[in-house]
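Below is one structure, written out as structure tokens; comments come after it.
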Amino acid sequence: MTPVQKTVTRTVVVLIGMFFFAFALVPLYDVFCRVTGLNGKAANQPQAMSNEEADTSRYVTVQFITRSSKGLPWELEALTRQVRVHPGQPTEVEFAFTNNSDDDVWGRAVPSVTPSEASLHMRKLTCFCFQEQLIGGGERIEMPLVFQLTRDLPEDINTVTLVYTLYPVDNDNVSQQVQTTSLEGGDA
Amino acid sequence: MRMVLAWVTGMGAAFLLAPAVYANGWNMPVGVTEISQDIYSLHMAIFWICVVIGVVVFAVMFYSLFRYRRSQGAKADNFHENTTVEVLWTTIPLLILVGMALPATATLQKMYDPSGADLDVMVTGQQWRWHYEYLDEDISFTSSMSTPGTQIRGEEERADEYLLDVDNPLVLPVDQKVRFLLTSDDVIHSWWVPDLAVKQDAIPGFVNENWVRIEEPGIYRGQCTELCGKDHAFMPVVVHAMEQDDYEEWLADRKEEAEAEANSVDREWEMDELMERGEQVYGSVCATCHQDDGSGSGEFPALAGNEEMLDDVDWHIDAVVNGVSGTPMAAFGGNLNAVELASVITYERNAWDNDTGDVVQPSEIQELLE
Amino acid sequence: MAPKLPPQHTLEQSSATTTAGQAQEHDHHHGGPTGIKRWLLTTNHKEIGTLYLLFSLSMFFIGGIFALVVRAELFQPGLQLVEPEFFNQMTTMHGLIMVFGAVMPAFVGLANWMIPLQVGAPDMALPRLNNFSFWLLPVAFGLLLSTLFMPGGAPNFGWTFYAPLSTDYGPPSTTFFIFSLHIAGISSILGAINIIATILNMRAPGMRMMDMPLFVWTWLITAFLLIAVMPVLAGVITMMLMDINFGTSFFDAGGGGDPVLFQHLFWFFGHPEVYIMILPAFGIVSAIVPAFARKPLFGYASMVYATASIAILSFLVWVHHMFVVGLPLAAELFFMYTTMLIAVPTGVKVFNWVTTLFRGSITFETPMLFALAFIVMFTIGGFSGLMLAIVPADFQYHDTYFVVAHFHYVLVPGAVFAIIAGAYYWLPKWTGHYPDERLGRWHFWLSVIGVNLTFFPMHFSGLAGMPRRIPDYALQFADFNMVSSIGGFIFGVSQLLFIAVLIKCVRGGEKAPAKAWDGAEDLEWTVPSPAPLHTFETPPDLTSQAPQRH
């Protein structure tokens, strides 16, 4: 190999490496967000309850906000708009999904937590947001969210807001969507 | 050489002009919150540090250019590299930077204050308007630019508040900590009011947080600052800050109105009433894309003579309430109430020679929304 | 210390190149391809360099016309000339064309012409690849410009093409835009590979890395930046392509993606990209200032280290473009500190140039005028950059005309002035004639006045609250915008003088000797002017020479 060929080979290796690095950044970013709480990304899988006693000296207000989006004829309602909880205390709140159309429709609720630092301390034991949902035409179902704020929630945070935004899921592509999501390690 | 002199004079004039310029209000507004004032001081401090560094560096530069002209017989020296000088001009800027970073860090820490707020407002960006929801008060409304197209096209004299006026300003109490939760229904927008020093992106699917404590009553204007499509220039933000009593009065009026409207859902509405109300709603919400005369523009279809819409009332209602996937048409079910939805749909079905004669009653829509 | 003597090999070398000149005539007698085919198939670094420069010049004018459409609309409040949709297409195309079509190819063109001459190589390391990477460019930009005529129009989401405006809400032509950017990216990557291979392997015997002219050094570092980040850009636009056409959701919150991720990936490419557009400019200025001050550059080694530090830091500052997307305090602080740090090596550069002037013997030919203007105005752009680094203040500056003023100060009187300075500096080598000094001065002064009239008021309109990328504005911004528009037209029209200078210079003018500027030191000044088609076929031997620099 001539020196020129050697240089070219090395740069091409770096090039290809950087191209795949760009794609690797997608899951890395996701992991990074989860670890640091960046962007208010919440866990997409049920987490184990952390066995700690509730910190009764302190109250935190947890607000629930629901939003619809275009193309999904659903309504999502937080049956409890706001609760006051002690850190460490597992709490269950109910959400009602209503499909206003006559057809069976797939959709999903995408969560976001603010302040973003709080998302690290928000453990979801059960959540409708972990999967896509199928709701029959005109049907109304209630689903629970069981969560726990861990006791190490920073002292100065006394309000945590959880926002769920509904998004349509293309019926034909459900399985494909699930796959891409898991490939990207995306949020549920 | 004369040119160099002209240049020096020009630069000097620029520096002399700088203070005059900022006295004339060409500068960043001082604003009406503690944070905005901190930011202003920070801005001025860095500005003057830069001016001083600039004067020193350019003075040496122009002195050299003037003093060492070959036309004046200057002979070139040959010196280069001097460790002392190089270490100095690396460490001194570093120290200056540390001096800048300290107050900047302090201000930033003050801005990141997650403590509880007196009032929570959810701000949602939509192409091309803002939607405000007072979380604890059950009040929500849409705020669209109210500058008419005639002013934009120059057919009418432009008002003082040209492009910076809205139909429903965000009303906030002074001396209260107001927390904003920002998100978007479509693309990324950015909510900015210079006097409040709040600029925060509104990102679809995610929620951002910011807060403000306004110190003086007044009307504060800003704009969307993230390119969000064709009418990016036309989604102003107007905040009306009021004393607590005035704010509560406003709140009570607003609630009363909302209640009256809610009560009127069940009664049978006349065509004329619906058309009148519908025209207002259309003008504030729909006309930016579909145009005042329903002729549409670009990717936004014409509504006048639109067969898909006119042939099928249910499709029309569904499109307005739930939006149309894969198009810019947003879902208005969450933003407009049943009366507004029914009237605007009735209006669209009968305005501009559409004349279908269809009347959509608020009660029909209400049923759908529940 | 005694003034440095011109390199010893000059005589030897010019005799070598005379034979080279004859060899070139020889080629022509034997009927190498002529006419269009000669340019299509050429593998000669000088011809390809010329092609790059001409391409870049035409893109500079096309992008400039788009900018003038923008400035014309903004001359007064109200919508007078274009609709907002078209206005957005103009701002977007202006940015894309200037960044990828004008500035980057201009630097590659200068690299093609000058790097082999400056390192004493007969040509680039990979001449055929060189031809290919140039001819990709007209394809890429032909495709990009053709989107203006497609249904739905050209890209209208800004040169930063943030998702989801560019994915879910983009015009149908977005796929073509992605494709053209891919082609332009491949062209840059191939160009960078070629430059690295040339610099690392083809230097004249005896030329060590620390003997290379700074233009070569800055380009070597730039080429490494290109290799590192162009694939990331390719990755991002590939993800966009998949989101638009294949139903993935990298950047769509509804499908589990994240629009903010787009911005992180884009700026991970984008910040090094802005240094790609400025580092070679540093190299050019570092050649011109010593030449016309007739004094060696004050700190050669510290210039090299400063350039390398800027390049490394450029990977650690991308978030300063997105301070308002909603980030934790720690992230904002980290990126504020790294961004501020960039001021240190940048300051070192400015101080070096200024100290080089000190006790020199200075003349003010056109290349020097542009280089001096570069130093002053780039520094002004640096100051506003420092102000933008301060996060709390950035909350007020972000996405306003203050930012527009900042990056135009570093790119127009920064990068573009350096390119023009380089052109005036090397024109005698390219054409054998000096550029017309009187026209050059007119060009310079009108450009300086135009640039400052255009961009200085933008600081004020930004501070007063005018957002970027708006086709119409509130009345309090009217005066600033009128001045900016007038300045924009002065600057735009005065560039026609540059064309006049170029044509005049190609046709004739004062004959230039091999060493066209008496203070110029590098190897390119040892070959005749105009440089014959083939130079350094026998490499100059520098081993016997005393080290030129430390």
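Every chain in the structure tokens takes a letter, A first, then B, and so on in the order presented; its residues are numbered from 1, and the ligands are numbered from 1 following the presented order.
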
Give me, as a tab-separated table, the closest atom pair and its distance (Å, one decimal) for every residue of chain C within a cut-off of 6 Å of chain A, counting only C-alpha atoms, rows sorted by chain and rising number.
```
residue	atom	partner	partner_atom	distance
C:Ala197	CA	A:Val4	CA	5.7
C:Ile227	CA	A:Leu15	CA	5.8
C:Pro231	CA	A:Phe19	CA	4.5
C:Val232	CA	A:Ala22	CA	5.0
C:Gly235	CA	A:Ala22	CA	5.6
C:Gly254	CA	A:Tyr167	CA	5.2
C:Gly256	CA	A:Asp187	CA	4.5
C:Gly257	CA	A:Gly186	CA	5.8
```

Would you export the selected residues with N, CA, C and O atoms as a PDB file, in the first residue's frame, please?
```pdb
ATOM      1  N   ALA C 197      -4.738  13.737   2.112  1.00  0.00           N
ATOM      2  CA  ALA C 197      -3.755  12.854   1.480  1.00  0.00           C
ATOM      3  C   ALA C 197      -2.613  13.673   0.876  1.00  0.00           C
ATOM      4  O   ALA C 197      -1.443  13.277   0.942  1.00  0.00           O
ATOM      5  N   ILE C 227     -14.142  15.652   7.714  1.00  0.00           N
ATOM      6  CA  ILE C 227     -14.248  14.196   7.802  1.00  0.00           C
ATOM      7  C   ILE C 227     -15.062  13.796   9.030  1.00  0.00           C
ATOM      8  O   ILE C 227     -15.836  12.846   9.013  1.00  0.00           O
ATOM      9  N   PRO C 231     -20.209  13.354   7.785  1.00  0.00           N
ATOM     10  CA  PRO C 231     -21.006  12.123   7.905  1.00  0.00           C
ATOM     11  C   PRO C 231     -22.160  12.272   8.909  1.00  0.00           C
ATOM     12  O   PRO C 231     -23.200  11.640   8.739  1.00  0.00           O
ATOM     13  N   VAL C 232     -21.975  13.123   9.913  1.00  0.00           N
ATOM     14  CA  VAL C 232     -23.073  13.330  10.861  1.00  0.00           C
ATOM     15  C   VAL C 232     -24.224  14.051  10.164  1.00  0.00           C
ATOM     16  O   VAL C 232     -25.390  13.681  10.318  1.00  0.00           O
ATOM     17  N   GLY C 235     -25.945  11.613   8.172  1.00  0.00           N
ATOM     18  CA  GLY C 235     -26.796  10.798   9.033  1.00  0.00           C
ATOM     19  C   GLY C 235     -28.102  11.513   9.358  1.00  0.00           C
ATOM     20  O   GLY C 235     -29.184  10.935   9.239  1.00  0.00           O
ATOM     21  N   GLY C 254     -44.806  12.004  18.304  1.00  0.00           N
ATOM     22  CA  GLY C 254     -45.935  11.079  18.270  1.00  0.00           C
ATOM     23  C   GLY C 254     -45.502   9.636  18.124  1.00  0.00           C
ATOM     24  O   GLY C 254     -46.172   8.724  18.593  1.00  0.00           O
ATOM     25  N   GLY C 256     -42.585   8.472  19.242  1.00  0.00           N
ATOM     26  CA  GLY C 256     -41.548   8.153  20.220  1.00  0.00           C
ATOM     27  C   GLY C 256     -40.229   8.857  19.953  1.00  0.00           C
ATOM     28  O   GLY C 256     -39.246   8.615  20.628  1.00  0.00           O
ATOM     29  N   GLY C 257     -40.195   9.729  18.935  1.00  0.00           N
ATOM     30  CA  GLY C 257     -38.952  10.447  18.638  1.00  0.00           C
ATOM     31  C   GLY C 257     -38.903  11.772  19.377  1.00  0.00           C
ATOM     32  O   GLY C 257     -39.696  12.014  20.292  1.00  0.00           O
TER      33      GLY C 257
END
```

Exercise for the section: Apply DSSP to the backbone of this structure and, from region 15-124 of chain A, keep only the residues in strand (DSSP E or B); write these as a ChimeraX atom specification. Expected result: /A:60-67,74-78,82-85,91-99,105-114,122-124

Same residues, N, CA, C and O atoms, output as a compact mmCIF listing (two decimals), in the first residue's frame:
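After the write, part33.txt holds the following:
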```txt
# COMPACT_ATOMS: atom_id res chain seq x y z
N VAL A 60 -45.79 17.39 47.82
CA VAL A 60 -45.49 17.85 46.47
C VAL A 60 -46.79 17.81 45.68
O VAL A 60 -47.56 16.85 45.79
N THR A 61 -47.04 18.86 44.92
CA THR A 61 -48.25 18.89 44.10
C THR A 61 -47.92 18.27 42.74
O THR A 61 -46.93 18.63 42.12
N VAL A 62 -48.72 17.31 42.34
CA VAL A 62 -48.53 16.71 41.02
C VAL A 62 -49.74 17.06 40.17
O VAL A 62 -50.88 16.77 40.53
N GLN A 63 -49.48 17.74 39.05
CA GLN A 63 -50.58 18.13 38.15
C GLN A 63 -50.61 17.21 36.96
O GLN A 63 -49.56 16.74 36.50
N PHE A 64 -51.81 16.96 36.46
CA PHE A 64 -51.94 16.13 35.25
C PHE A 64 -52.61 16.95 34.17
O PHE A 64 -53.68 17.53 34.40
N ILE A 65 -51.99 17.00 33.02
CA ILE A 65 -52.56 17.75 31.91
C ILE A 65 -52.67 16.81 30.72
O ILE A 65 -51.74 16.04 30.45
N THR A 66 -53.79 16.87 30.04
CA THR A 66 -53.95 16.00 28.89
C THR A 66 -54.20 16.86 27.66
O THR A 66 -54.85 17.91 27.76
N ARG A 67 -53.67 16.43 26.53
CA ARG A 67 -53.83 17.20 25.31
C ARG A 67 -54.15 16.26 24.16
O ARG A 67 -53.62 15.16 24.08
N TRP A 74 -60.00 11.22 19.79
CA TRP A 74 -60.10 10.74 21.16
C TRP A 74 -60.13 11.91 22.11
O TRP A 74 -59.65 12.99 21.81
N GLU A 75 -60.62 11.58 23.29
CA GLU A 75 -60.52 12.55 24.35
C GLU A 75 -59.86 11.85 25.52
O GLU A 75 -60.19 10.69 25.82
N LEU A 76 -58.93 12.52 26.14
CA LEU A 76 -58.28 11.94 27.32
C LEU A 76 -58.54 12.91 28.45
O LEU A 76 -58.37 14.11 28.32
N GLU A 77 -58.98 12.35 29.57
CA GLU A 77 -59.32 13.21 30.68
C GLU A 77 -58.65 12.67 31.93
O GLU A 77 -58.72 11.47 32.21
N ALA A 78 -58.01 13.55 32.65
CA ALA A 78 -57.45 13.14 33.94
C ALA A 78 -58.58 13.28 34.95
O ALA A 78 -59.08 14.37 35.16
N GLN A 82 -55.21 17.04 39.90
CA GLN A 82 -54.04 17.42 40.68
C GLN A 82 -54.09 16.69 42.01
O GLN A 82 -55.16 16.53 42.58
N VAL A 83 -52.95 16.16 42.48
CA VAL A 83 -52.93 15.52 43.79
C VAL A 83 -51.76 16.07 44.59
O VAL A 83 -50.77 16.55 44.02
N ARG A 84 -51.93 16.00 45.91
CA ARG A 84 -50.81 16.36 46.78
C ARG A 84 -50.30 15.08 47.41
O ARG A 84 -51.05 14.34 48.02
N VAL A 85 -49.03 14.82 47.20
CA VAL A 85 -48.49 13.54 47.68
C VAL A 85 -47.24 13.80 48.50
O VAL A 85 -46.59 14.83 48.38
N THR A 91 -49.01 6.41 44.45
CA THR A 91 -50.33 7.02 44.29
C THR A 91 -50.95 6.52 43.00
O THR A 91 -50.25 6.35 42.00
N GLU A 92 -52.25 6.30 43.03
CA GLU A 92 -52.93 5.88 41.81
C GLU A 92 -53.90 6.97 41.38
O GLU A 92 -54.64 7.51 42.19
N VAL A 93 -53.85 7.31 40.10
CA VAL A 93 -54.85 8.24 39.55
C VAL A 93 -55.43 7.61 38.30
O VAL A 93 -54.79 6.81 37.62
N GLU A 94 -56.70 7.96 38.01
CA GLU A 94 -57.39 7.36 36.88
C GLU A 94 -57.47 8.34 35.71
O GLU A 94 -57.63 9.54 35.91
N PHE A 95 -57.34 7.79 34.52
CA PHE A 95 -57.52 8.59 33.31
C PHE A 95 -58.61 7.94 32.48
O PHE A 95 -58.70 6.71 32.41
N ALA A 96 -59.45 8.74 31.86
CA ALA A 96 -60.51 8.20 31.02
C ALA A 96 -60.24 8.51 29.56
O ALA A 96 -59.98 9.66 29.18
N PHE A 97 -60.25 7.47 28.74
CA PHE A 97 -60.09 7.62 27.29
C PHE A 97 -61.46 7.46 26.66
O PHE A 97 -62.17 6.50 26.96
N THR A 98 -61.79 8.35 25.76
CA THR A 98 -63.05 8.20 25.04
C THR A 98 -62.75 8.28 23.55
O THR A 98 -62.06 9.19 23.11
N ASN A 99 -63.26 7.33 22.82
CA ASN A 99 -63.14 7.37 21.37
C ASN A 99 -64.43 7.96 20.83
O ASN A 99 -65.49 7.36 20.91
N VAL A 105 -59.96 2.64 16.88
CA VAL A 105 -58.81 3.46 16.53
C VAL A 105 -57.64 3.19 17.47
O VAL A 105 -57.84 2.99 18.67
N TRP A 106 -56.45 3.14 16.88
CA TRP A 106 -55.24 3.01 17.68
C TRP A 106 -54.67 4.39 18.01
O TRP A 106 -54.71 5.29 17.18
N GLY A 107 -54.15 4.52 19.19
CA GLY A 107 -53.49 5.78 19.54
C GLY A 107 -52.56 5.55 20.71
O GLY A 107 -52.44 4.45 21.23
N ARG A 108 -51.86 6.59 21.06
CA ARG A 108 -50.98 6.46 22.21
C ARG A 108 -50.90 7.81 22.93
O ARG A 108 -51.12 8.84 22.33
N ALA A 109 -50.57 7.74 24.20
CA ALA A 109 -50.40 8.96 24.97
C ALA A 109 -48.91 9.11 25.26
O ALA A 109 -48.28 8.21 25.81
N VAL A 110 -48.35 10.23 24.84
CA VAL A 110 -46.91 10.45 25.02
C VAL A 110 -46.70 11.38 26.21
O VAL A 110 -47.25 12.47 26.24
N PRO A 111 -45.91 10.93 27.21
CA PRO A 111 -45.76 11.72 28.42
C PRO A 111 -44.59 12.69 28.35
O PRO A 111 -43.62 12.47 27.64
N SER A 112 -44.68 13.75 29.11
CA SER A 112 -43.56 14.66 29.31
C SER A 112 -43.67 15.20 30.73
O SER A 112 -44.76 15.50 31.19
N VAL A 113 -42.53 15.29 31.40
CA VAL A 113 -42.53 15.72 32.80
C VAL A 113 -41.77 17.04 32.92
O VAL A 113 -40.73 17.23 32.30
N THR A 114 -42.32 17.95 33.69
CA THR A 114 -41.59 19.18 33.95
C THR A 114 -41.74 19.54 35.42
O THR A 114 -42.78 19.25 36.00
N MET A 122 -39.48 10.38 39.15
CA MET A 122 -40.87 9.96 38.93
C MET A 122 -40.83 8.50 38.50
O MET A 122 -40.40 8.18 37.40
N ARG A 123 -41.25 7.60 39.38
CA ARG A 123 -41.28 6.18 39.03
C ARG A 123 -42.70 5.82 38.68
O ARG A 123 -43.61 6.04 39.46
N LYS A 124 -42.85 5.25 37.47
CA LYS A 124 -44.20 4.84 37.08
C LYS A 124 -44.29 3.34 37.22
O LYS A 124 -43.51 2.60 36.61
```

Can you tell me, as an mmCIF file with all heavy atoms, in the first residue's frame, what residues are no more than 8 Å from Trp269 (chain B) when counting only C-alpha atoms, ignoring any on the same chain fewer than 2 positions away?
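Output contents, as saved in part-v5.cif:
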```
data_model
loop_
_atom_site.group_PDB
_atom_site.id
_atom_site.type_symbol
_atom_site.label_atom_id
_atom_site.label_comp_id
_atom_site.auth_asym_id
_atom_site.auth_seq_id
_atom_site.Cartn_x
_atom_site.Cartn_y
_atom_site.Cartn_z
ATOM 1 N N ARG B 267 -79.519 25.677 23.720
ATOM 2 C CA ARG B 267 -80.670 26.259 23.007
ATOM 3 C C ARG B 267 -80.459 26.173 21.486
ATOM 4 O O ARG B 267 -79.335 25.978 21.006
ATOM 5 C CB ARG B 267 -80.884 27.702 23.470
ATOM 6 C CG ARG B 267 -79.903 28.695 22.901
ATOM 7 C CD ARG B 267 -80.268 30.112 23.336
ATOM 8 N NE ARG B 267 -79.190 31.040 23.069
ATOM 9 C CZ ARG B 267 -78.987 31.629 21.889
ATOM 10 N NH1 ARG B 267 -79.770 31.360 20.866
ATOM 11 N NH2 ARG B 267 -77.975 32.471 21.725
ATOM 12 N N MET B 271 -79.724 30.873 12.387
ATOM 13 C CA MET B 271 -78.711 30.974 11.344
ATOM 14 C C MET B 271 -77.915 32.290 11.440
ATOM 15 O O MET B 271 -76.692 32.302 11.409
ATOM 16 C CB MET B 271 -79.410 30.899 9.989
ATOM 17 C CG MET B 271 -78.494 31.110 8.829
ATOM 18 S SD MET B 271 -77.698 29.553 8.412
ATOM 19 C CE MET B 271 -77.465 29.747 6.677
ATOM 20 N N GLU B 273 -77.423 34.376 13.912
ATOM 21 C CA GLU B 273 -76.545 34.444 15.075
ATOM 22 C C GLU B 273 -75.263 33.660 14.816
ATOM 23 O O GLU B 273 -74.159 34.105 15.113
ATOM 24 C CB GLU B 273 -77.211 33.778 16.279
ATOM 25 C CG GLU B 273 -78.310 34.522 16.957
ATOM 26 C CD GLU B 273 -78.856 33.654 18.086
ATOM 27 O OE1 GLU B 273 -79.677 32.740 17.788
ATOM 28 O OE2 GLU B 273 -78.432 33.836 19.225
ATOM 29 N N LEU B 274 -75.468 32.451 14.291
ATOM 30 C CA LEU B 274 -74.323 31.578 14.041
ATOM 31 C C LEU B 274 -73.383 32.201 13.017
ATOM 32 O O LEU B 274 -72.165 32.166 13.155
ATOM 33 C CB LEU B 274 -74.778 30.208 13.559
ATOM 34 C CG LEU B 274 -75.418 29.308 14.626
ATOM 35 C CD1 LEU B 274 -76.047 28.091 13.978
ATOM 36 C CD2 LEU B 274 -74.391 28.878 15.664
ATOM 37 N N GLN B 361 -75.855 23.022 14.845
ATOM 38 C CA GLN B 361 -76.181 23.548 16.172
ATOM 39 C C GLN B 361 -75.070 23.235 17.183
ATOM 40 O O GLN B 361 -74.484 22.163 17.158
ATOM 41 C CB GLN B 361 -77.496 22.911 16.665
ATOM 42 C CG GLN B 361 -78.730 23.427 15.962
ATOM 43 C CD GLN B 361 -78.979 24.920 16.225
ATOM 44 O OE1 GLN B 361 -78.503 25.494 17.204
ATOM 45 N NE2 GLN B 361 -79.734 25.543 15.310
ATOM 46 N N PRO B 362 -74.800 24.191 18.106
ATOM 47 C CA PRO B 362 -73.808 23.945 19.154
ATOM 48 C C PRO B 362 -74.084 22.648 19.910
ATOM 49 O O PRO B 362 -73.146 21.954 20.312
ATOM 50 C CB PRO B 362 -73.963 25.162 20.071
ATOM 51 C CG PRO B 362 -74.452 26.250 19.179
ATOM 52 C CD PRO B 362 -75.323 25.578 18.151
#
```

Problem - Shell around region 230-239 of chain B at 9 Å using only C-alpha atoms, local window under 5 positions removed, as a PyMOL selection string - result: (chain B and resi 127-130+143-145+147+163-166+168-172+189+191-193+218-225+288-289) or (chain C and resi 83-88+156+467+469-473)

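The shortest atom-to-atom distance to Thr366 (chain C), with only C-alpha atoms taken into account, belongs to C:Leu427 out of C:Leu427, C:Ile244, C:Val236, C:Ala111.
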
Handout entry: chain A contacts to chain B at 6 Å (only C-alpha atoms) as a PyMOL selection string
Key = chain A and resi 70-71+73+112+156-159

Quick one: residues within 12 Å of Gln80 (chain C), only C-alpha atoms counted, chain neighbours fewer than 3 positions away excluded, as a JSON list (two decimals) with N, CA and C atoms, in the first residue's frame?
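The new file part-v9.json reads:
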```
[["chain", "number", "residue", "atom", "x", "y", "z"],
["B", 151, "GLN", "N", -53.78, 46.53, 6.44],
["B", 151, "GLN", "CA", -52.59, 47.27, 6.87],
["B", 151, "GLN", "C", -51.33, 46.62, 6.33],
["B", 152, "ILE", "N", -51.32, 45.29, 6.33],
["B", 152, "ILE", "CA", -50.13, 44.58, 5.85],
["B", 152, "ILE", "C", -49.90, 44.89, 4.38],
["B", 153, "ARG", "N", -50.98, 44.92, 3.61],
["B", 153, "ARG", "CA", -50.85, 45.19, 2.18],
["B", 153, "ARG", "C", -50.74, 46.67, 1.87],
["B", 154, "GLY", "N", -50.80, 47.51, 2.93],
["B", 154, "GLY", "CA", -50.60, 48.94, 2.72],
["B", 154, "GLY", "C", -51.82, 49.66, 2.20],
["B", 155, "GLU", "N", -53.02, 49.03, 2.30],
["B", 155, "GLU", "CA", -54.23, 49.70, 1.81],
["B", 155, "GLU", "C", -54.80, 50.63, 2.87],
["C", 69, "VAL", "N", -33.43, 39.89, -2.67],
["C", 69, "VAL", "CA", -34.89, 39.78, -2.65],
["C", 69, "VAL", "C", -35.38, 39.97, -1.22],
["C", 70, "VAL", "N", -34.71, 39.32, -0.28],
["C", 70, "VAL", "CA", -35.06, 39.45, 1.14],
["C", 70, "VAL", "C", -34.95, 40.91, 1.58],
["C", 71, "ARG", "N", -33.81, 41.54, 1.25],
["C", 71, "ARG", "CA", -33.60, 42.92, 1.69],
["C", 71, "ARG", "C", -34.59, 43.87, 1.02],
["C", 72, "ALA", "N", -34.95, 43.58, -0.21],
["C", 72, "ALA", "CA", -35.91, 44.45, -0.90],
["C", 72, "ALA", "C", -37.26, 44.37, -0.21],
["C", 73, "GLU", "N", -37.68, 43.17, 0.17],
["C", 73, "GLU", "CA", -38.96, 43.02, 0.86],
["C", 73, "GLU", "C", -38.92, 43.73, 2.21],
["C", 74, "LEU", "N", -37.75, 43.69, 2.85],
["C", 74, "LEU", "CA", -37.64, 44.27, 4.19],
["C", 74, "LEU", "C", -37.33, 45.76, 4.16],
["C", 75, "PHE", "N", -37.26, 46.34, 2.97],
["C", 75, "PHE", "CA", -36.94, 47.78, 2.87],
["C", 75, "PHE", "C", -37.94, 48.61, 3.67],
["C", 76, "GLN", "N", -39.20, 48.20, 3.61],
["C", 76, "GLN", "CA", -40.25, 48.91, 4.33],
["C", 76, "GLN", "C", -41.14, 47.90, 5.04],
["C", 77, "PRO", "N", -41.86, 48.32, 6.09],
["C", 77, "PRO", "CA", -42.83, 47.40, 6.69],
["C", 77, "PRO", "C", -43.93, 47.08, 5.68],
["C", 83, "GLU", "N", -44.61, 37.06, -1.29],
["C", 83, "GLU", "CA", -45.45, 36.47, -0.27],
["C", 83, "GLU", "C", -44.56, 35.83, 0.79],
["C", 84, "PRO", "N", -45.08, 35.66, 2.01],
["C", 84, "PRO", "CA", -44.27, 35.04, 3.07],
["C", 84, "PRO", "C", -43.71, 33.67, 2.67],
["C", 87, "PHE", "N", -40.76, 34.32, 0.57],
["C", 87, "PHE", "CA", -39.73, 34.95, 1.41],
["C", 87, "PHE", "C", -38.96, 33.87, 2.17],
["C", 471, "PRO", "N", -40.85, 38.22, 7.22],
["C", 471, "PRO", "CA", -40.97, 39.00, 6.00],
["C", 471, "PRO", "C", -41.54, 40.40, 6.25],
["C", 472, "ASP", "N", -42.05, 40.62, 7.45],
["C", 472, "ASP", "CA", -42.68, 41.90, 7.75],
["C", 472, "ASP", "C", -42.44, 42.17, 9.23]]
```

With a distance cut-off of 6 Å and only C-alpha atoms, select the neighbouring residues of region 335-352 of chain B, excluding the residue or stretch itself and same-chain residues fewer than 3 positions from it, and output the selection as a compact mmCIF listing (two decimals) with N, CA and C atoms, in the first residue's frame.
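Here's the written file result01.txt:
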```
# COMPACT_ATOMS: atom_id res chain seq x y z
N LEU B 274 -75.47 32.45 14.29
CA LEU B 274 -74.32 31.58 14.04
C LEU B 274 -73.38 32.20 13.02
N MET B 275 -73.98 32.80 11.98
CA MET B 275 -73.16 33.41 10.92
C MET B 275 -72.34 34.57 11.48
N ARG B 277 -71.39 35.14 14.65
CA ARG B 277 -70.35 34.63 15.53
C ARG B 277 -69.27 33.90 14.72
N GLY B 278 -69.75 33.16 13.73
CA GLY B 278 -68.83 32.38 12.90
C GLY B 278 -67.85 33.25 12.15
N TYR B 282 -63.96 32.83 12.42
CA TYR B 282 -63.24 32.56 11.19
C TYR B 282 -62.10 33.57 11.01
N ALA B 304 -64.24 28.13 -0.22
CA ALA B 304 -65.34 28.55 -1.09
C ALA B 304 -65.45 27.52 -2.21
N PHE B 332 -59.28 21.59 16.27
CA PHE B 332 -59.72 22.74 17.05
C PHE B 332 -60.65 22.34 18.18
N ASP B 355 -73.57 28.79 0.39
CA ASP B 355 -75.03 28.71 0.49
C ASP B 355 -75.64 27.33 0.57
N THR B 356 -75.10 26.46 1.42
CA THR B 356 -75.71 25.14 1.52
C THR B 356 -77.00 25.20 2.33
N VAL B 359 -77.38 24.31 8.88
CA VAL B 359 -77.15 24.94 10.17
C VAL B 359 -76.63 23.86 11.11
N VAL B 360 -75.43 24.07 11.66
CA VAL B 360 -74.89 23.12 12.63
C VAL B 360 -75.11 23.72 14.01
N GLN B 361 -75.86 23.02 14.84
CA GLN B 361 -76.18 23.55 16.17
C GLN B 361 -75.07 23.23 17.18
N PRO B 362 -74.80 24.19 18.11
CA PRO B 362 -73.81 23.95 19.15
C PRO B 362 -74.08 22.65 19.91
N ILE B 365 -72.51 19.65 18.33
CA ILE B 365 -71.06 19.59 18.53
C ILE B 365 -70.75 19.17 19.96
N GLN B 366 -71.52 19.73 20.90
CA GLN B 366 -71.30 19.44 22.31
C GLN B 366 -71.38 17.92 22.54
```
